[in-house]
file structure-v6.tsv (TSV, C-alpha atoms)
chain	number	residue	atom	x	y	z
A	1	MET	CA	8.61	160.19	67.18
A	2	THR	CA	11.84	158.27	66.73
A	3	GLY	CA	13.98	160.57	68.84
A	4	ALA	CA	12.01	159.59	71.94
A	5	GLN	CA	12.54	155.87	71.44
A	6	PRO	CA	15.47	154.08	73.00
A	7	GLN	CA	17.60	152.74	70.14
A	8	SER	CA	18.66	149.69	72.07
A	9	SER	CA	17.77	146.67	69.96
A	10	PRO	CA	19.90	145.46	67.05
A	11	GLU	CA	16.75	145.29	64.89
A	12	VAL	CA	16.20	149.04	65.33
A	13	ALA	CA	19.84	149.79	64.52
A	14	ALA	CA	19.56	147.70	61.36
A	15	ALA	CA	16.34	149.49	60.38
A	16	ILE	CA	18.02	152.88	60.76
A	17	ARG	CA	20.98	151.73	58.65
A	18	SER	CA	18.61	150.66	55.83
A	19	SER	CA	16.79	154.00	56.16
A	20	PHE	CA	19.97	155.93	55.46
A	21	ALA	CA	21.12	153.58	52.67
A	22	VAL	CA	17.81	153.82	50.82
A	23	GLY	CA	17.13	157.44	51.75
A	24	LEU	CA	20.43	158.92	50.61
A	25	ALA	CA	20.32	157.05	47.28
A	26	VAL	CA	16.81	158.28	46.56
A	27	ALA	CA	17.42	161.83	47.75
A	28	ALA	CA	20.27	162.18	45.26
A	29	TYR	CA	17.91	161.96	42.36
A	30	GLY	CA	15.88	164.96	43.49
A	31	ILE	CA	18.53	166.84	41.52
A	32	SER	CA	17.20	165.38	38.28
A	33	PHE	CA	13.62	166.19	39.31
A	34	GLY	CA	14.50	169.81	40.11
A	35	ALA	CA	16.35	170.35	36.84
A	36	LEU	CA	13.63	168.65	34.74
A	37	SER	CA	10.86	170.59	36.42
A	38	VAL	CA	12.47	173.93	35.63
A	39	ALA	CA	13.14	172.70	32.09
A	40	ALA	CA	9.41	171.86	31.78
A	41	GLY	CA	8.50	175.48	32.44
A	42	LEU	CA	7.85	175.56	36.19
A	43	ASP	CA	9.74	178.16	38.22
A	44	VAL	CA	12.01	177.35	41.16
A	45	TRP	CA	9.25	178.06	43.73
A	46	GLN	CA	6.66	175.87	42.00
A	47	THR	CA	9.23	173.08	41.76
A	48	CYS	CA	10.00	173.31	45.48
A	49	VAL	CA	6.31	173.41	46.46
A	50	LEU	CA	5.80	170.13	44.58
A	51	SER	CA	8.56	168.42	46.56
A	52	LEU	CA	7.42	169.96	49.88
A	53	LEU	CA	3.70	169.32	49.50
A	54	MET	CA	3.15	166.51	46.97
A	55	PHE	CA	6.30	164.59	48.01
A	56	SER	CA	5.87	161.57	45.73
A	57	GLY	CA	8.53	161.14	43.05
A	58	GLY	CA	6.49	159.32	40.41
A	59	SER	CA	3.59	161.80	40.61
A	60	GLN	CA	5.96	164.78	40.51
A	61	PHE	CA	7.81	163.48	37.43
A	62	ALA	CA	4.47	162.75	35.73
A	63	LEU	CA	3.11	166.22	36.44
A	64	VAL	CA	6.12	168.06	35.04
A	65	GLY	CA	6.41	165.56	32.17
A	66	VAL	CA	2.91	166.37	30.92
A	67	ILE	CA	3.44	170.12	31.42
A	68	ALA	CA	6.71	169.85	29.45
A	69	THR	CA	4.86	168.65	26.36
A	70	GLY	CA	1.48	170.38	26.77
A	71	GLY	CA	2.11	173.47	28.91
A	72	ALA	CA	-0.49	174.86	31.31
A	73	ALA	CA	-3.21	174.00	28.75
A	74	ALA	CA	-2.62	170.32	29.58
A	75	GLY	CA	-3.25	171.05	33.28
A	76	GLY	CA	-6.18	168.66	33.62
A	77	ALA	CA	-4.25	165.73	32.19
A	78	ALA	CA	-1.18	166.67	34.27
A	79	ILE	CA	-3.20	166.63	37.50
A	80	ALA	CA	-4.95	163.37	36.56
A	81	SER	CA	-1.63	161.63	35.78
A	82	ALA	CA	-0.14	162.73	39.10
A	83	VAL	CA	-3.23	161.64	41.03
A	84	LEU	CA	-3.46	158.23	39.33
A	85	LEU	CA	0.20	157.57	40.07
A	86	GLY	CA	-0.46	158.65	43.66
A	87	THR	CA	-3.17	156.03	44.24
A	88	ARG	CA	-0.60	153.41	45.24
A	89	ASN	CA	0.31	155.59	48.22
A	90	SER	CA	-3.19	154.97	49.61
A	91	LEU	CA	-2.41	151.26	49.69
A	92	TYR	CA	0.94	151.92	51.35
A	93	ALA	CA	-0.87	154.04	53.96
A	94	LEU	CA	-3.23	151.14	54.69
A	95	ARG	CA	-0.21	148.96	55.34
A	96	VAL	CA	1.75	151.37	57.56
A	97	ALA	CA	-1.22	152.78	59.53
A	98	PRO	CA	-1.20	149.94	62.10
A	99	MET	CA	2.52	150.56	62.78
A	100	ILE	CA	1.99	154.26	63.41
A	101	GLY	CA	-0.76	153.96	66.01
A	102	PRO	CA	-3.12	156.70	67.23
A	103	GLY	CA	-2.55	160.47	67.41
A	104	ARG	CA	-3.90	162.85	64.80
A	105	LEU	CA	-0.76	164.94	64.20
A	106	LYS	CA	1.46	161.88	64.10
A	107	ARG	CA	-0.83	160.22	61.53
A	108	LEU	CA	-0.95	163.41	59.47
A	109	LEU	CA	2.84	163.56	59.26
A	110	ALA	CA	3.05	159.80	58.66
A	111	GLY	CA	0.55	160.17	55.84
A	112	HIS	CA	2.62	162.87	54.22
A	113	TRP	CA	5.73	160.67	54.42
A	114	THR	CA	4.02	157.53	53.12
A	115	ILE	CA	5.89	156.78	49.88
A	116	ASP	CA	7.44	153.77	48.12
A	117	GLU	CA	10.64	153.80	50.14
A	118	SER	CA	9.36	154.47	53.68
A	119	THR	CA	6.77	151.71	53.21
A	120	ALA	CA	9.33	149.32	51.75
A	121	VAL	CA	11.87	149.80	54.54
A	122	ALA	CA	9.19	149.63	57.27
A	123	THR	CA	7.53	146.45	55.99
A	124	ALA	CA	10.91	144.75	55.61
A	125	GLN	CA	11.64	144.98	59.38
A	126	PRO	CA	10.98	142.09	61.79
A	127	THR	CA	9.62	143.87	64.91
A	128	LEU	CA	7.06	146.65	65.44
A	129	GLU	CA	9.72	148.84	67.04
A	130	SER	CA	12.09	148.45	64.08
A	131	GLN	CA	9.23	148.93	61.60
A	132	ARG	CA	8.45	152.28	63.22
A	133	ALA	CA	12.11	153.27	63.22
A	134	GLY	CA	12.44	152.24	59.56
A	135	PHE	CA	9.38	154.21	58.52
A	136	TRP	CA	10.19	157.46	60.35
A	137	TRP	CA	13.91	157.52	59.59
A	138	THR	CA	13.42	156.73	55.90
A	139	GLY	CA	10.68	159.35	55.68
A	140	LEU	CA	12.83	161.95	57.43
A	141	VAL	CA	16.02	161.30	55.43
A	142	ILE	CA	14.16	161.36	52.11
A	143	TYR	CA	11.98	164.36	52.99
A	144	VAL	CA	14.95	166.53	53.98
A	145	GLY	CA	17.22	165.17	51.23
A	146	TRP	CA	14.64	165.23	48.44
A	147	ASN	CA	13.70	168.84	49.13
A	148	LEU	CA	17.31	170.01	49.36
A	149	THR	CA	18.30	168.25	46.13
A	150	THR	CA	15.15	169.49	44.38
A	151	LEU	CA	16.19	173.07	45.18
A	152	ILE	CA	19.76	172.45	44.00
A	153	GLY	CA	18.51	170.80	40.79
A	154	ALA	CA	16.05	173.62	40.12
A	155	LEU	CA	18.76	176.25	40.57
A	156	ILE	CA	21.12	174.33	38.24
A	157	GLY	CA	18.32	173.86	35.69
A	158	ASP	CA	17.59	177.57	35.87
A	159	GLN	CA	21.16	178.32	34.71
A	160	LEU	CA	21.26	175.73	31.90
A	161	GLY	CA	19.01	177.38	29.33
A	162	ASP	CA	18.40	175.08	26.33
A	163	VAL	CA	18.05	171.73	28.10
A	164	SER	CA	17.95	169.42	25.09
A	165	ARG	CA	21.60	170.32	24.43
A	166	TYR	CA	22.44	168.62	27.75
A	167	GLY	CA	20.17	165.65	27.07
A	168	LEU	CA	17.83	166.49	29.96
A	169	ASP	CA	14.81	165.44	27.88
A	170	ALA	CA	16.35	161.98	27.47
A	171	ALA	CA	17.12	161.95	31.21
A	172	ALA	CA	13.39	162.38	31.90
A	173	ALA	CA	12.54	159.34	29.79
A	174	ALA	CA	15.25	157.34	31.57
A	175	ALA	CA	13.86	158.47	34.96
A	176	PHE	CA	10.43	157.01	34.15
A	177	LEU	CA	12.09	153.83	32.94
A	178	GLY	CA	13.99	153.63	36.24
A	179	LEU	CA	10.77	153.92	38.24
A	180	LEU	CA	9.16	151.26	36.05
A	181	TRP	CA	12.04	148.77	35.97
A	182	PRO	CA	11.75	147.18	39.48
A	183	ARG	CA	8.02	146.61	38.88
A	184	LEU	CA	8.56	144.39	35.82
A	185	LYS	CA	9.16	141.06	37.52
A	186	GLN	CA	6.03	139.13	36.54
A	187	LEU	CA	4.23	138.40	33.28
A	188	GLN	CA	1.17	140.46	34.21
A	189	PRO	CA	2.91	143.82	34.82
A	190	ILE	CA	5.18	143.25	31.80
A	191	THR	CA	2.11	142.66	29.60
A	192	VAL	CA	0.45	145.81	30.97
A	193	ALA	CA	3.61	147.85	30.40
A	194	VAL	CA	3.89	146.75	26.77
A	195	GLY	CA	0.17	147.30	26.15
A	196	ALA	CA	0.22	150.75	27.76
A	197	ALA	CA	3.32	151.74	25.76
A	198	VAL	CA	1.65	150.72	22.49
A	199	VAL	CA	-1.59	152.57	23.35
A	200	ALA	CA	0.35	155.72	24.24
A	201	ALA	CA	2.46	155.55	21.06
A	202	VAL	CA	-0.58	155.08	18.80
A	203	LEU	CA	-2.60	157.88	20.43
A	204	MET	CA	0.23	160.42	20.73
A	205	PRO	CA	-0.09	161.92	17.23
A	206	VAL	CA	-3.88	162.31	17.44
A	207	LEU	CA	-4.71	163.33	21.04
A	208	PRO	CA	-3.64	166.40	23.09
A	209	ALA	CA	-0.61	166.10	25.41
A	210	GLY	CA	-1.24	164.04	28.54
A	211	VAL	CA	-4.39	162.32	27.31
A	212	PRO	CA	-2.57	159.30	25.74
A	213	VAL	CA	-0.98	158.61	29.15
A	214	LEU	CA	-4.39	158.50	30.82
A	215	ALA	CA	-5.80	156.31	28.03
A	216	ALA	CA	-2.92	153.89	28.60
A	217	ALA	CA	-4.03	153.50	32.24
A	218	LEU	CA	-7.19	151.81	30.92
A	219	VAL	CA	-5.01	148.85	29.88
A	220	ALA	CA	-4.19	148.36	33.56
A	221	VAL	CA	-7.84	148.63	34.58
A	222	VAL	CA	-8.93	145.98	32.05
A	223	VAL	CA	-6.11	143.56	32.91
A	224	GLY	CA	-6.45	144.26	36.65
A	225	LEU	CA	-10.19	143.65	36.85
A	226	THR	CA	-10.12	140.48	34.74
A	227	ASN	CA	-6.77	139.31	36.22
A	228	LEU	CA	-5.54	138.34	32.75
A	229	PHE	CA	-2.02	136.85	32.77
A	230	GLY	CA	-2.14	136.82	36.58
A	231	THR	CA	-1.68	134.25	39.31
A	232	ARG	CA	-2.43	134.37	43.01
A	233	GLU	CA	1.29	134.22	43.76
A	234	SER	CA	1.95	137.31	41.68
A	235	ASP	CA	-0.59	139.27	43.75
A	236	LEU	CA	1.34	138.50	46.90
A	237	ALA	CA	4.75	139.15	45.39
A	238	GLU	CA	3.75	142.48	43.87
A	239	ALA	CA	2.12	143.76	47.03
A	240	GLU	CA	5.49	144.34	48.72
A	241	PRO	CA	7.64	147.11	47.30
A	242	ASP	CA	11.30	146.15	46.99
A	243	PRO	CA	13.41	148.44	49.19
A	244	MET	CA	16.57	148.20	47.13
A	245	GLY	CA	15.03	147.99	43.67
A	246	GLU	CA	12.83	151.06	43.88
A	247	ARG	CA	15.09	153.60	42.31
B	1	MET	CA	-5.59	177.23	34.71
B	2	THR	CA	-2.16	178.61	35.63
B	3	ILE	CA	0.87	176.50	36.56
B	4	TRP	CA	0.31	177.49	40.21
B	5	HIS	CA	-3.27	176.10	40.12
B	6	ILE	CA	-1.98	172.85	38.63
B	7	VAL	CA	0.83	172.53	41.19
B	8	LEU	CA	-1.43	173.21	44.20
B	9	LEU	CA	-4.46	171.17	43.06
B	10	ALA	CA	-2.36	168.13	42.17
B	11	SER	CA	-0.29	168.37	45.38
B	12	ILE	CA	-3.37	168.55	47.60
B	13	ALA	CA	-5.02	165.64	45.74
B	14	VAL	CA	-1.92	163.42	46.04
B	15	LEU	CA	-1.58	164.27	49.74
B	16	ALA	CA	-5.27	163.56	50.29
B	17	LEU	CA	-4.85	160.10	48.72
B	18	LYS	CA	-2.10	159.27	51.22
B	19	LEU	CA	-4.21	160.46	54.16
B	20	ALA	CA	-7.24	158.56	52.86
B	21	GLY	CA	-5.29	155.34	53.37
B	22	PHE	CA	-5.09	156.13	57.08
B	23	ALA	CA	-8.83	156.78	57.32
B	24	VAL	CA	-10.26	153.57	55.80
B	25	PRO	CA	-10.33	150.12	57.47
B	26	ALA	CA	-7.07	148.19	57.13
B	27	SER	CA	-8.90	145.17	55.67
B	28	TRP	CA	-9.05	147.00	52.31
B	29	ALA	CA	-5.34	146.39	51.80
B	30	GLU	CA	-6.00	142.64	51.83
B	31	LYS	CA	-8.33	142.77	48.81
B	32	PRO	CA	-6.29	141.36	45.90
B	33	THR	CA	-8.19	143.28	43.20
B	34	VAL	CA	-7.53	146.61	44.91
B	35	SER	CA	-3.80	146.11	45.30
B	36	ARG	CA	-3.49	144.55	41.84
B	37	LEU	CA	-5.22	147.54	40.24
B	38	ALA	CA	-3.05	150.05	42.09
B	39	ASN	CA	0.13	148.21	41.06
B	40	LEU	CA	-0.89	147.79	37.42
B	41	VAL	CA	-2.10	151.39	37.03
B	42	THR	CA	1.31	152.53	38.26
B	43	VAL	CA	3.04	150.25	35.74
B	44	ALA	CA	0.80	151.40	32.84
B	45	LEU	CA	1.29	155.10	33.56
B	46	LEU	CA	5.06	154.78	33.90
B	47	ALA	CA	5.32	152.76	30.67
B	48	ALA	CA	3.21	155.35	28.82
B	49	LEU	CA	5.31	158.16	30.26
B	50	VAL	CA	8.50	156.47	29.03
B	51	VAL	CA	7.04	156.40	25.50
B	52	VAL	CA	5.70	159.96	25.59
B	53	GLN	CA	8.94	161.30	27.02
B	54	THR	CA	11.06	159.37	24.49
B	55	PHE	CA	9.09	160.16	21.31
B	56	GLY	CA	6.95	163.19	22.18
B	57	SER	CA	7.36	166.46	20.32
B	58	THR	CA	5.27	169.41	19.23
B	59	ARG	CA	4.66	167.54	15.96
B	60	GLY	CA	3.31	164.47	17.75
B	61	PHE	CA	5.76	161.59	17.33
B	62	GLU	CA	9.47	161.93	16.63
B	63	VAL	CA	12.52	159.63	16.72
B	64	ASP	CA	15.69	161.46	17.76
B	65	ALA	CA	18.70	161.22	20.12
B	66	ARG	CA	16.41	160.38	23.04
B	67	LEU	CA	15.79	156.83	21.73
B	68	PRO	CA	19.42	155.59	21.88
B	69	ALA	CA	19.73	157.28	25.28
B	70	VAL	CA	16.73	155.36	26.64
B	71	VAL	CA	17.99	152.08	25.13
B	72	ALA	CA	21.33	152.68	26.86
B	73	ALA	CA	19.50	153.42	30.13
B	74	ALA	CA	17.56	150.15	29.84
B	75	GLY	CA	20.84	148.25	29.45
B	76	LEU	CA	22.31	149.96	32.53
B	77	PHE	CA	19.20	149.30	34.63
B	78	ALA	CA	19.41	145.63	33.62
B	79	LEU	CA	23.00	145.66	34.94
B	80	ARG	CA	21.67	147.13	38.24
B	81	VAL	CA	23.61	150.38	37.88
B	82	PRO	CA	22.34	152.95	40.45
B	83	PHE	CA	19.48	155.21	39.36
B	84	ILE	CA	21.30	158.54	39.43
B	85	LEU	CA	24.24	157.20	37.35
B	86	VAL	CA	21.87	155.83	34.71
B	87	ILE	CA	20.08	159.18	34.46
B	88	ILE	CA	23.39	160.99	33.97
B	89	ALA	CA	24.51	158.41	31.39
B	90	ALA	CA	21.26	158.81	29.43
B	91	ALA	CA	21.66	162.59	29.36
B	92	LEU	CA	25.29	162.23	28.20
B	93	VAL	CA	24.37	159.84	25.38
B	94	ALA	CA	21.70	162.20	24.04
B	95	ALA	CA	23.93	165.26	24.46
B	96	ALA	CA	26.87	163.53	22.70
B	97	ILE	CA	24.72	162.44	19.74
B	98	ARG	CA	23.37	165.97	19.36
B	99	ALA	CA	26.82	167.53	19.66
B	100	PHE	CA	28.30	165.33	16.92
B	101	SER	CA	25.40	165.23	14.46
call {"tool": "encode", "arguments": {"input": "structure-v6.tsv", "output": "structure tokens"}}
result
Amino acid sequence: MTGAQPQSSPEVAAAIRSSFAVGLAVAAYGISFGALSVAAGLDVWQTCVLSLLMFSGGSQFALVGVIATGGAAAGGAAIASAVLLGTRNSLYALRVAPMIGPGRLKRLLAGHWTIDESTAVATAQPTLESQRAGFWWTGLVIYVGWNLTTLIGALIGDQLGDVSRYGLDAAAAAAFLGLLWPRLKQLQPITVAVGAAVVAAVLMPVLPAGVPVLAAALVAVVVGLTNLFGTRESDLAEAEPDPMGER
Amino acid sequence: MTIWHIVLLASIAVLALKLAGFAVPASWAEKPTVSRLANLVTVALLAALVVVQTFGSTRGFEVDARLPAVVAAAGLFALRVPFILVIIAAALVAAAIRAFS
């Protein structure tokens, strides 16, 4: 892995600096995930298993968000929301796979650490060596940090009791908004966001918890397949995650 | 289905999606429809989750202290305030409104 590589070139040093800048900022917000997860009804262990095994912020927030409103009965919708939000990681994996190279164990670990931030830092680097350094260091810093802060947040959340008194329910809404914000740079995603919000709001009173969120995803499928409101330039611009704007 | 089933099933599925990206030919990433769909599905789900998390309640749809908190968060994100500070600010706004109403 990275430890075996000589860290001689300035490009590699710059990649490692970005890894820590992005990684530490992101890891800090594992605290809010841990606290919200416990508030949603998961225990400390379940919360930590999500961060250890699933390790994808958007999917984790979605899963506990649906459980918060629908409980274990909404399990199917909770799993589906997490999985749908996780599909973008497949695309990130396609992009980082050539940087990682062969080796089954190495690719397994790389796959686990393929998230918004590791992909963003890696693809922003100029050389293959610095791309590798950026990917592995960002993955490592976030994996260790995210899991530690998840545990701290879960333990704090466990002590809080009634969470609405502390505004934790509003913090969850703000967290989703923060994940959404950097993606709203073109007309097409903005249109989809507004459409999906309206669909979810209309369906909320009539459908069980979690289902309106899945129905809202259909807006994206329709707009995505027909490329309404889209341009070729927007495809290219959206394909690269923004390393600083992610969280 | 217990919470443990949900946690483990969803975690394995999300991990499998990441690994799947390493198993298919790299040319798939170049298809504009595939990457556009993945990006837009992410946007749609996050937007819906903002709405559900802001207005959701056991009675279906409810306007309460969460709405001003989310509006405040939107303003702070527009000003490029760091994520964790915005989250704390949103919680404080909702908590303050509830404490004084």
call {"tool": "atom_distance", "arguments": {"input": "structure-v6.tsv", "atom1": "atom CA of Trp137 of chain A", "atom2": "atom CA of Leu15 of chain B"}}
result
19.6 Å
call {"tool": "interface_residues", "arguments": {"input": "structure-v6.tsv", "of": "chain B", "to": "chain A", "cutoff": "7 Å", "atoms": "all atoms listed in the file", "output": "ChimeraX atom specification"}}
result
/B:1-4,6-7,10-15,17-22,26,29,32-33,35-54,57,60-61,66,69-70,73,77,83-84,87-88,90-92,94-95,98
call {"tool": "write_last_selection", "arguments": {"input": "structure-v6.tsv", "atoms": "C-alpha atoms", "output": "tab-separated table (two decimals), in the coordinates of the input"}}
result
chain	number	residue	atom	x	y	z
B	1	MET	CA	-5.59	177.23	34.71
B	2	THR	CA	-2.16	178.61	35.63
B	3	ILE	CA	0.87	176.50	36.56
B	4	TRP	CA	0.31	177.49	40.21
B	6	ILE	CA	-1.98	172.85	38.63
B	7	VAL	CA	0.83	172.53	41.19
B	10	ALA	CA	-2.36	168.13	42.17
B	11	SER	CA	-0.29	168.37	45.38
B	12	ILE	CA	-3.37	168.55	47.60
B	13	ALA	CA	-5.02	165.64	45.74
B	14	VAL	CA	-1.92	163.42	46.04
B	15	LEU	CA	-1.58	164.27	49.74
B	17	LEU	CA	-4.85	160.10	48.72
B	18	LYS	CA	-2.10	159.27	51.22
B	19	LEU	CA	-4.21	160.46	54.16
B	20	ALA	CA	-7.24	158.56	52.86
B	21	GLY	CA	-5.29	155.34	53.37
B	22	PHE	CA	-5.09	156.13	57.08
B	26	ALA	CA	-7.07	148.19	57.13
B	29	ALA	CA	-5.34	146.39	51.80
B	32	PRO	CA	-6.29	141.36	45.90
B	33	THR	CA	-8.19	143.28	43.20
B	35	SER	CA	-3.80	146.11	45.30
B	36	ARG	CA	-3.49	144.55	41.84
B	37	LEU	CA	-5.22	147.54	40.24
B	38	ALA	CA	-3.05	150.05	42.09
B	39	ASN	CA	0.13	148.21	41.06
B	40	LEU	CA	-0.89	147.79	37.42
B	41	VAL	CA	-2.10	151.39	37.03
B	42	THR	CA	1.31	152.53	38.26
B	43	VAL	CA	3.04	150.25	35.74
B	44	ALA	CA	0.80	151.40	32.84
B	45	LEU	CA	1.29	155.10	33.56
B	46	LEU	CA	5.06	154.78	33.90
B	47	ALA	CA	5.32	152.76	30.67
B	48	ALA	CA	3.21	155.35	28.82
B	49	LEU	CA	5.31	158.16	30.26
B	50	VAL	CA	8.50	156.47	29.03
B	51	VAL	CA	7.04	156.40	25.50
B	52	VAL	CA	5.70	159.96	25.59
B	53	GLN	CA	8.94	161.30	27.02
B	54	THR	CA	11.06	159.37	24.49
B	57	SER	CA	7.36	166.46	20.32
B	60	GLY	CA	3.31	164.47	17.75
B	61	PHE	CA	5.76	161.59	17.33
B	66	ARG	CA	16.41	160.38	23.04
B	69	ALA	CA	19.73	157.28	25.28
B	70	VAL	CA	16.73	155.36	26.64
B	73	ALA	CA	19.50	153.42	30.13
B	77	PHE	CA	19.20	149.30	34.63
B	83	PHE	CA	19.48	155.21	39.36
B	84	ILE	CA	21.30	158.54	39.43
B	87	ILE	CA	20.08	159.18	34.46
B	88	ILE	CA	23.39	160.99	33.97
B	90	ALA	CA	21.26	158.81	29.43
B	91	ALA	CA	21.66	162.59	29.36
B	92	LEU	CA	25.29	162.23	28.20
B	94	ALA	CA	21.70	162.20	24.04
B	95	ALA	CA	23.93	165.26	24.46
B	98	ARG	CA	23.37	165.97	19.36
call {"tool": "atom_distance", "arguments": {"input": "structure-v6.tsv", "atom1": "atom CA of Leu155 of chain A", "atom2": "atom CA of Val44 of chain A"}}
result
6.9 Å
call {"tool": "closest_residue", "arguments": {"input": "structure-v6.tsv", "among": "B:Val24, B:Val93, B:Val86, B:Leu8", "to": "Ala65 of chain B", "atoms": "all atoms listed in the file"}}
result
B:Val93
call {"tool": "decode", "arguments": {"input": "structure-v6.tsv", "residues": "segment 120-136 of chain A", "atoms": "N, CA and C atoms", "output": "PDB file, in the first residue's frame"}}
result
ATOM      1  N   ALA A 120     -12.724  11.560  -5.272  1.00  0.00           N
ATOM      2  CA  ALA A 120     -12.521  12.958  -5.651  1.00  0.00           C
ATOM      3  C   ALA A 120     -11.061  13.357  -5.507  1.00  0.00           C
ATOM      4  N   VAL A 121     -10.441  13.005  -4.389  1.00  0.00           N
ATOM      5  CA  VAL A 121      -9.037  13.378  -4.183  1.00  0.00           C
ATOM      6  C   VAL A 121      -8.156  12.658  -5.201  1.00  0.00           C
ATOM      7  N   ALA A 122      -8.401  11.358  -5.424  1.00  0.00           N
ATOM      8  CA  ALA A 122      -7.573  10.589  -6.357  1.00  0.00           C
ATOM      9  C   ALA A 122      -7.657  11.158  -7.769  1.00  0.00           C
ATOM     10  N   THR A 123      -8.879  11.414  -8.262  1.00  0.00           N
ATOM     11  CA  THR A 123      -9.020  11.857  -9.649  1.00  0.00           C
ATOM     12  C   THR A 123      -8.514  13.275  -9.854  1.00  0.00           C
ATOM     13  N   ALA A 124      -8.332  14.020  -8.751  1.00  0.00           N
ATOM     14  CA  ALA A 124      -7.839  15.396  -8.887  1.00  0.00           C
ATOM     15  C   ALA A 124      -6.312  15.450  -9.024  1.00  0.00           C
ATOM     16  N   GLN A 125      -5.610  14.324  -8.844  1.00  0.00           N
ATOM     17  CA  GLN A 125      -4.140  14.338  -8.855  1.00  0.00           C
ATOM     18  C   GLN A 125      -3.591  14.164 -10.277  1.00  0.00           C
ATOM     19  N   PRO A 126      -2.400  14.742 -10.537  1.00  0.00           N
ATOM     20  CA  PRO A 126      -1.861  14.730 -11.897  1.00  0.00           C
ATOM     21  C   PRO A 126      -1.154  13.441 -12.324  1.00  0.00           C
ATOM     22  N   THR A 127      -0.524  12.714 -11.414  1.00  0.00           N
ATOM     23  CA  THR A 127       0.241  11.525 -11.810  1.00  0.00           C
ATOM     24  C   THR A 127      -0.370  10.275 -11.191  1.00  0.00           C
ATOM     25  N   LEU A 128      -0.056   9.103 -11.777  1.00  0.00           N
ATOM     26  CA  LEU A 128      -0.601   7.847 -11.264  1.00  0.00           C
ATOM     27  C   LEU A 128      -0.173   7.628  -9.812  1.00  0.00           C
ATOM     28  N   GLU A 129       1.105   7.937  -9.541  1.00  0.00           N
ATOM     29  CA  GLU A 129       1.638   7.751  -8.195  1.00  0.00           C
ATOM     30  C   GLU A 129       0.880   8.616  -7.181  1.00  0.00           C
ATOM     31  N   SER A 130       0.616   9.874  -7.545  1.00  0.00           N
ATOM     32  CA  SER A 130      -0.081  10.763  -6.612  1.00  0.00           C
ATOM     33  C   SER A 130      -1.566  10.418  -6.529  1.00  0.00           C
ATOM     34  N   GLN A 131      -2.127   9.863  -7.623  1.00  0.00           N
ATOM     35  CA  GLN A 131      -3.524   9.412  -7.571  1.00  0.00           C
ATOM     36  C   GLN A 131      -3.672   8.272  -6.565  1.00  0.00           C
ATOM     37  N   ARG A 132      -2.722   7.321  -6.630  1.00  0.00           N
ATOM     38  CA  ARG A 132      -2.745   6.207  -5.668  1.00  0.00           C
ATOM     39  C   ARG A 132      -2.610   6.713  -4.241  1.00  0.00           C
ATOM     40  N   ALA A 133      -1.646   7.615  -4.038  1.00  0.00           N
ATOM     41  CA  ALA A 133      -1.430   8.153  -2.690  1.00  0.00           C
ATOM     42  C   ALA A 133      -2.695   8.855  -2.202  1.00  0.00           C
ATOM     43  N   GLY A 134      -3.309   9.661  -3.095  1.00  0.00           N
ATOM     44  CA  GLY A 134      -4.519  10.389  -2.720  1.00  0.00           C
ATOM     45  C   GLY A 134      -5.651   9.451  -2.344  1.00  0.00           C
ATOM     46  N   PHE A 135      -5.811   8.397  -3.137  1.00  0.00           N
ATOM     47  CA  PHE A 135      -6.897   7.449  -2.856  1.00  0.00           C
ATOM     48  C   PHE A 135      -6.691   6.753  -1.512  1.00  0.00           C
ATOM     49  N   TRP A 136      -5.498   6.160  -1.322  1.00  0.00           N
ATOM     50  CA  TRP A 136      -5.290   5.343  -0.117  1.00  0.00           C
ATOM     51  C   TRP A 136      -5.257   6.196   1.148  1.00  0.00           C
TER      52      TRP A 136
END
